[in-house]
Amino acid sequence: MHTVKLKLVTIIATRLIAEEIVSAILRLGAKGYTATDARGQGARGLEPLDWEGSNTRLETIVSAEVAERIIAHLADTYFAHHGVIAFQQDVEVVRGEKYL
Amino acid sequence: MHTVKLKLVTIIATRLIAEEIVSAILRLGAKGYTATDARGQGARGLEPLDWEGSNTRLETIVSAEVAERIIAHLADTYFAHHGVIAFQQDVEVVRGEKYL
Amino acid sequence: MHTVKLKLVTIIATRLIAEEIVSAILRLGAKGYTATDARGQGARGLEPLDWEGSNTRLETIVSAEVAERIIAHLADTYFAHHGVIAFQQDVEVVRGEKYL
């Protein structure tokens, strides 16, 4: 089975911010996304917990270049004031062209 | 801690198709699976969005050989007409024999 | 964009055990976690299915050392009598210091 190496970008944010992020990732080149309801708790250094409760977990499969663009956008827009989590991983995908 | 390298296969499909897929992956050698409710949006090339709304996100940890078999089955059965997403990743697992 | 390589630890357990696990992972050094409701089915060797139904899927981003500690704790505490699943993966994270 022929697979292509792409990036899986996972983002966890409050529901309100997640809606904005969906628009942004599609604008930045993602062809789709999956969202699940999540809850959790996070800390920012020594500050008090900065997000807790209802969150959305977004994931999208994109090229390395689009992944970079999405993460840079999140860093610029949300990281200073919001508890957004973002990470990327390698994934092997069939029908790689679907995501590009 | 002794860990074993296996494959995590993640599949996103409409709920109805996900039920069929669960039976298929167990038949093809998976020893279990985890399912979560999801929603999302995807595109197939230049065609209109081909899935939107209520989906199921399935994940299963299997050997590389079973992962290959599952992905080949999904490609043969669903990829032509349905917006099924499937990808695999390396994972390190304790008690690897549980999944084989 | 500067990213740091860390570990994503994913744990799937019954809801009751998941609450205990959340306390344990924070005590063992995790700075946060994300939880989603899940369901599934698993087998333990040739024994009958040992978990089925309502589960929680936890994920946390931590250093390799904390990942090791969490997985060792889960193995010692739950693996003999409970169907807890745990696996780790490499992830690239922005703002890596947030998780350490």
# chains A, B, ... in the order shown; residues from 1 in each chain; ligands from 1

call {"tool": "residues_around", "arguments": {"residues": "range 81-91 of chain B", "least_positions_apart": "4", "cutoff": "8 Å", "atoms": "only C-alpha atoms", "output": "list in words"}}
result
Asp90, Val91, Glu92, Val93 and Val94 of chain A; Lys5, Leu6, Lys7, Leu8, Val9, Thr10, Ile11, Ile12, Ala13, Thr14, Gly42, Arg44, Asp50, Trp51, Ala67, Ile71 and Leu74 of chain B; Phe87, Gln88 and Gln89 of chain C

call {"tool": "select_by_dssp", "arguments": {"residues": "chain B", "states": "helix (DSSP H, G or I)", "output": "PyMOL selection string"}}
result
chain B and resi 15-27+64-77+96-99

call {"tool": "residues_around", "arguments": {"residues": "Arg27 in chain C", "least_positions_apart": "4", "cutoff": "12 Å", "atoms": "only C-alpha atoms", "output": "number ranges by chain"}}
result
C: 20-23, 31-32, 66, 69-70, 73

call {"tool": "write_last_selection", "arguments": {"atoms": "all heavy atoms", "output": "mmCIF file, in the first residue's frame"}}
result
data_model
loop_
_atom_site.group_PDB
_atom_site.id
_atom_site.type_symbol
_atom_site.label_atom_id
_atom_site.label_comp_id
_atom_site.auth_asym_id
_atom_site.auth_seq_id
_atom_site.Cartn_x
_atom_site.Cartn_y
_atom_site.Cartn_z
ATOM 1 N N GLU C 20 -8.440 8.784 38.845
ATOM 2 C CA GLU C 20 -7.251 8.476 39.647
ATOM 3 C C GLU C 20 -5.976 8.759 38.852
ATOM 4 O O GLU C 20 -4.999 9.276 39.375
ATOM 5 C CB GLU C 20 -7.182 6.979 39.959
ATOM 6 C CG GLU C 20 -8.039 6.460 41.071
ATOM 7 C CD GLU C 20 -7.837 4.944 41.227
ATOM 8 O OE1 GLU C 20 -6.728 4.421 40.963
ATOM 9 O OE2 GLU C 20 -8.818 4.315 41.608
ATOM 10 N N ILE C 21 -6.002 8.378 37.562
ATOM 11 C CA ILE C 21 -4.809 8.531 36.724
ATOM 12 C C ILE C 21 -4.468 10.005 36.529
ATOM 13 O O ILE C 21 -3.302 10.388 36.514
ATOM 14 C CB ILE C 21 -4.983 7.787 35.384
ATOM 15 C CG1 ILE C 21 -5.031 6.264 35.640
ATOM 16 C CG2 ILE C 21 -3.872 8.121 34.397
ATOM 17 C CD1 ILE C 21 -5.324 5.406 34.413
ATOM 18 N N VAL C 22 -5.501 10.850 36.384
ATOM 19 C CA VAL C 22 -5.245 12.288 36.245
ATOM 20 C C VAL C 22 -4.450 12.800 37.452
ATOM 21 O O VAL C 22 -3.434 13.497 37.295
ATOM 22 C CB VAL C 22 -6.560 13.079 36.077
ATOM 23 C CG1 VAL C 22 -6.352 14.564 36.352
ATOM 24 C CG2 VAL C 22 -7.109 12.890 34.671
ATOM 25 N N SER C 23 -4.886 12.450 38.652
ATOM 26 C CA SER C 23 -4.148 12.883 39.844
ATOM 27 C C SER C 23 -2.718 12.362 39.798
ATOM 28 O O SER C 23 -1.765 13.099 40.104
ATOM 29 C CB SER C 23 -4.803 12.355 41.120
ATOM 30 O OG SER C 23 -6.154 12.683 41.126
ATOM 31 N N LYS C 31 2.107 18.801 33.384
ATOM 32 C CA LYS C 31 1.628 20.153 33.698
ATOM 33 C C LYS C 31 0.179 20.359 33.290
ATOM 34 O O LYS C 31 -0.402 21.425 33.513
ATOM 35 C CB LYS C 31 2.484 21.183 32.958
ATOM 36 C CG LYS C 31 3.937 21.224 33.413
ATOM 37 C CD LYS C 31 4.064 21.781 34.830
ATOM 38 C CE LYS C 31 5.507 21.973 35.234
ATOM 39 N NZ LYS C 31 5.959 20.958 36.194
ATOM 40 N N GLY C 32 -0.399 19.354 32.643
ATOM 41 C CA GLY C 32 -1.787 19.477 32.208
ATOM 42 C C GLY C 32 -2.189 18.201 31.503
ATOM 43 O O GLY C 32 -1.391 17.272 31.384
ATOM 44 N N VAL C 66 9.385 12.124 32.291
ATOM 45 C CA VAL C 66 8.061 12.060 32.939
ATOM 46 C C VAL C 66 7.187 10.998 32.257
ATOM 47 O O VAL C 66 6.448 10.261 32.916
ATOM 48 C CB VAL C 66 7.379 13.447 32.950
ATOM 49 C CG1 VAL C 66 5.933 13.347 33.440
ATOM 50 C CG2 VAL C 66 8.157 14.417 33.836
ATOM 51 N N ARG C 69 8.066 7.739 33.673
ATOM 52 C CA ARG C 69 7.555 7.630 35.041
ATOM 53 C C ARG C 69 6.054 7.310 35.047
ATOM 54 O O ARG C 69 5.580 6.486 35.819
ATOM 55 C CB ARG C 69 7.782 8.984 35.737
ATOM 56 C CG ARG C 69 8.591 8.899 37.004
ATOM 57 C CD ARG C 69 8.658 10.254 37.677
ATOM 58 N NE ARG C 69 9.713 11.112 37.159
ATOM 59 C CZ ARG C 69 9.745 12.446 37.248
ATOM 60 N NH1 ARG C 69 8.724 13.097 37.836
ATOM 61 N NH2 ARG C 69 10.745 13.145 36.770
ATOM 62 N N ILE C 70 5.314 8.002 34.172
ATOM 63 C CA ILE C 70 3.861 7.777 34.095
ATOM 64 C C ILE C 70 3.571 6.343 33.643
ATOM 65 O O ILE C 70 2.754 5.640 34.243
ATOM 66 C CB ILE C 70 3.208 8.785 33.107
ATOM 67 C CG1 ILE C 70 3.225 10.198 33.712
ATOM 68 C CG2 ILE C 70 1.791 8.361 32.754
ATOM 69 C CD1 ILE C 70 2.785 11.298 32.743
ATOM 70 N N HIS C 73 4.334 3.847 36.341
ATOM 71 C CA HIS C 73 3.290 3.888 37.368
ATOM 72 C C HIS C 73 2.038 3.135 36.915
ATOM 73 O O HIS C 73 1.447 2.361 37.681
ATOM 74 C CB HIS C 73 2.939 5.340 37.705
ATOM 75 C CG HIS C 73 1.707 5.471 38.543
ATOM 76 N ND1 HIS C 73 1.694 5.222 39.890
ATOM 77 C CD2 HIS C 73 0.426 5.776 38.210
ATOM 78 C CE1 HIS C 73 0.460 5.386 40.354
ATOM 79 N NE2 HIS C 73 -0.313 5.729 39.357
#

call {"tool": "select_by_dssp", "arguments": {"residues": "range 1-83 of chain A", "states": "strand (DSSP E or B)", "output": "MDAnalysis selection string"}}
result
chainID A and resid 4:14 33:42 51:62

call {"tool": "write_last_selection", "arguments": {"atoms": "C-alpha atoms", "output": "PDB file, in the first residue's frame"}}
result
ATOM      1  CA  VAL A   4       2.714   9.452   1.911  1.00  0.00           C
ATOM      2  CA  LYS A   5       4.341  11.140   4.901  1.00  0.00           C
ATOM      3  CA  LEU A   6       2.416  14.187   6.023  1.00  0.00           C
ATOM      4  CA  LYS A   7       1.936  16.119   9.252  1.00  0.00           C
ATOM      5  CA  LEU A   8      -0.878  15.661  11.740  1.00  0.00           C
ATOM      6  CA  VAL A   9      -1.442  18.954  13.552  1.00  0.00           C
ATOM      7  CA  THR A  10      -3.447  18.712  16.783  1.00  0.00           C
ATOM      8  CA  ILE A  11      -4.787  21.849  18.470  1.00  0.00           C
ATOM      9  CA  ILE A  12      -6.597  22.116  21.795  1.00  0.00           C
ATOM     10  CA  ALA A  13      -8.397  25.370  22.607  1.00  0.00           C
ATOM     11  CA  THR A  14     -11.569  26.680  24.216  1.00  0.00           C
ATOM     12  CA  TYR A  33     -10.370  18.912   9.959  1.00  0.00           C
ATOM     13  CA  THR A  34     -11.827  16.707  12.677  1.00  0.00           C
ATOM     14  CA  ALA A  35     -13.138  18.147  15.944  1.00  0.00           C
ATOM     15  CA  THR A  36     -13.949  16.374  19.209  1.00  0.00           C
ATOM     16  CA  ASP A  37     -15.221  17.767  22.501  1.00  0.00           C
ATOM     17  CA  ALA A  38     -12.618  17.650  25.217  1.00  0.00           C
ATOM     18  CA  ARG A  39     -11.986  18.924  28.708  1.00  0.00           C
ATOM     19  CA  GLY A  40      -8.801  19.437  30.568  1.00  0.00           C
ATOM     20  CA  GLN A  41      -6.506  21.442  32.628  1.00  0.00           C
ATOM     21  CA  GLY A  42      -3.334  23.234  31.767  1.00  0.00           C
ATOM     22  CA  TRP A  51      -7.808  27.003  30.812  1.00  0.00           C
ATOM     23  CA  GLU A  52     -10.035  24.473  32.358  1.00  0.00           C
ATOM     24  CA  GLY A  53     -13.327  23.022  31.301  1.00  0.00           C
ATOM     25  CA  SER A  54     -14.854  22.814  27.866  1.00  0.00           C
ATOM     26  CA  ASN A  55     -12.426  22.594  25.033  1.00  0.00           C
ATOM     27  CA  THR A  56     -12.307  21.439  21.476  1.00  0.00           C
ATOM     28  CA  ARG A  57      -9.617  19.124  20.121  1.00  0.00           C
ATOM     29  CA  LEU A  58      -8.981  19.824  16.443  1.00  0.00           C
ATOM     30  CA  GLU A  59      -6.861  17.727  14.149  1.00  0.00           C
ATOM     31  CA  THR A  60      -5.890  18.230  10.549  1.00  0.00           C
ATOM     32  CA  ILE A  61      -3.573  16.441   8.131  1.00  0.00           C
ATOM     33  CA  VAL A  62      -1.491  18.808   6.044  1.00  0.00           C
TER      34      VAL A  62
END

call {"tool": "atom_distance", "arguments": {"atom1": "CA of Leu26 in chain B", "atom2": "CA of Glu68 in chain B"}}
result
13.7 Å

call {"tool": "atom_distance", "arguments": {"atom1": "CA of Glu65 in chain B", "atom2": "CA of Ile17 in chain B"}}
result
22.9 Å
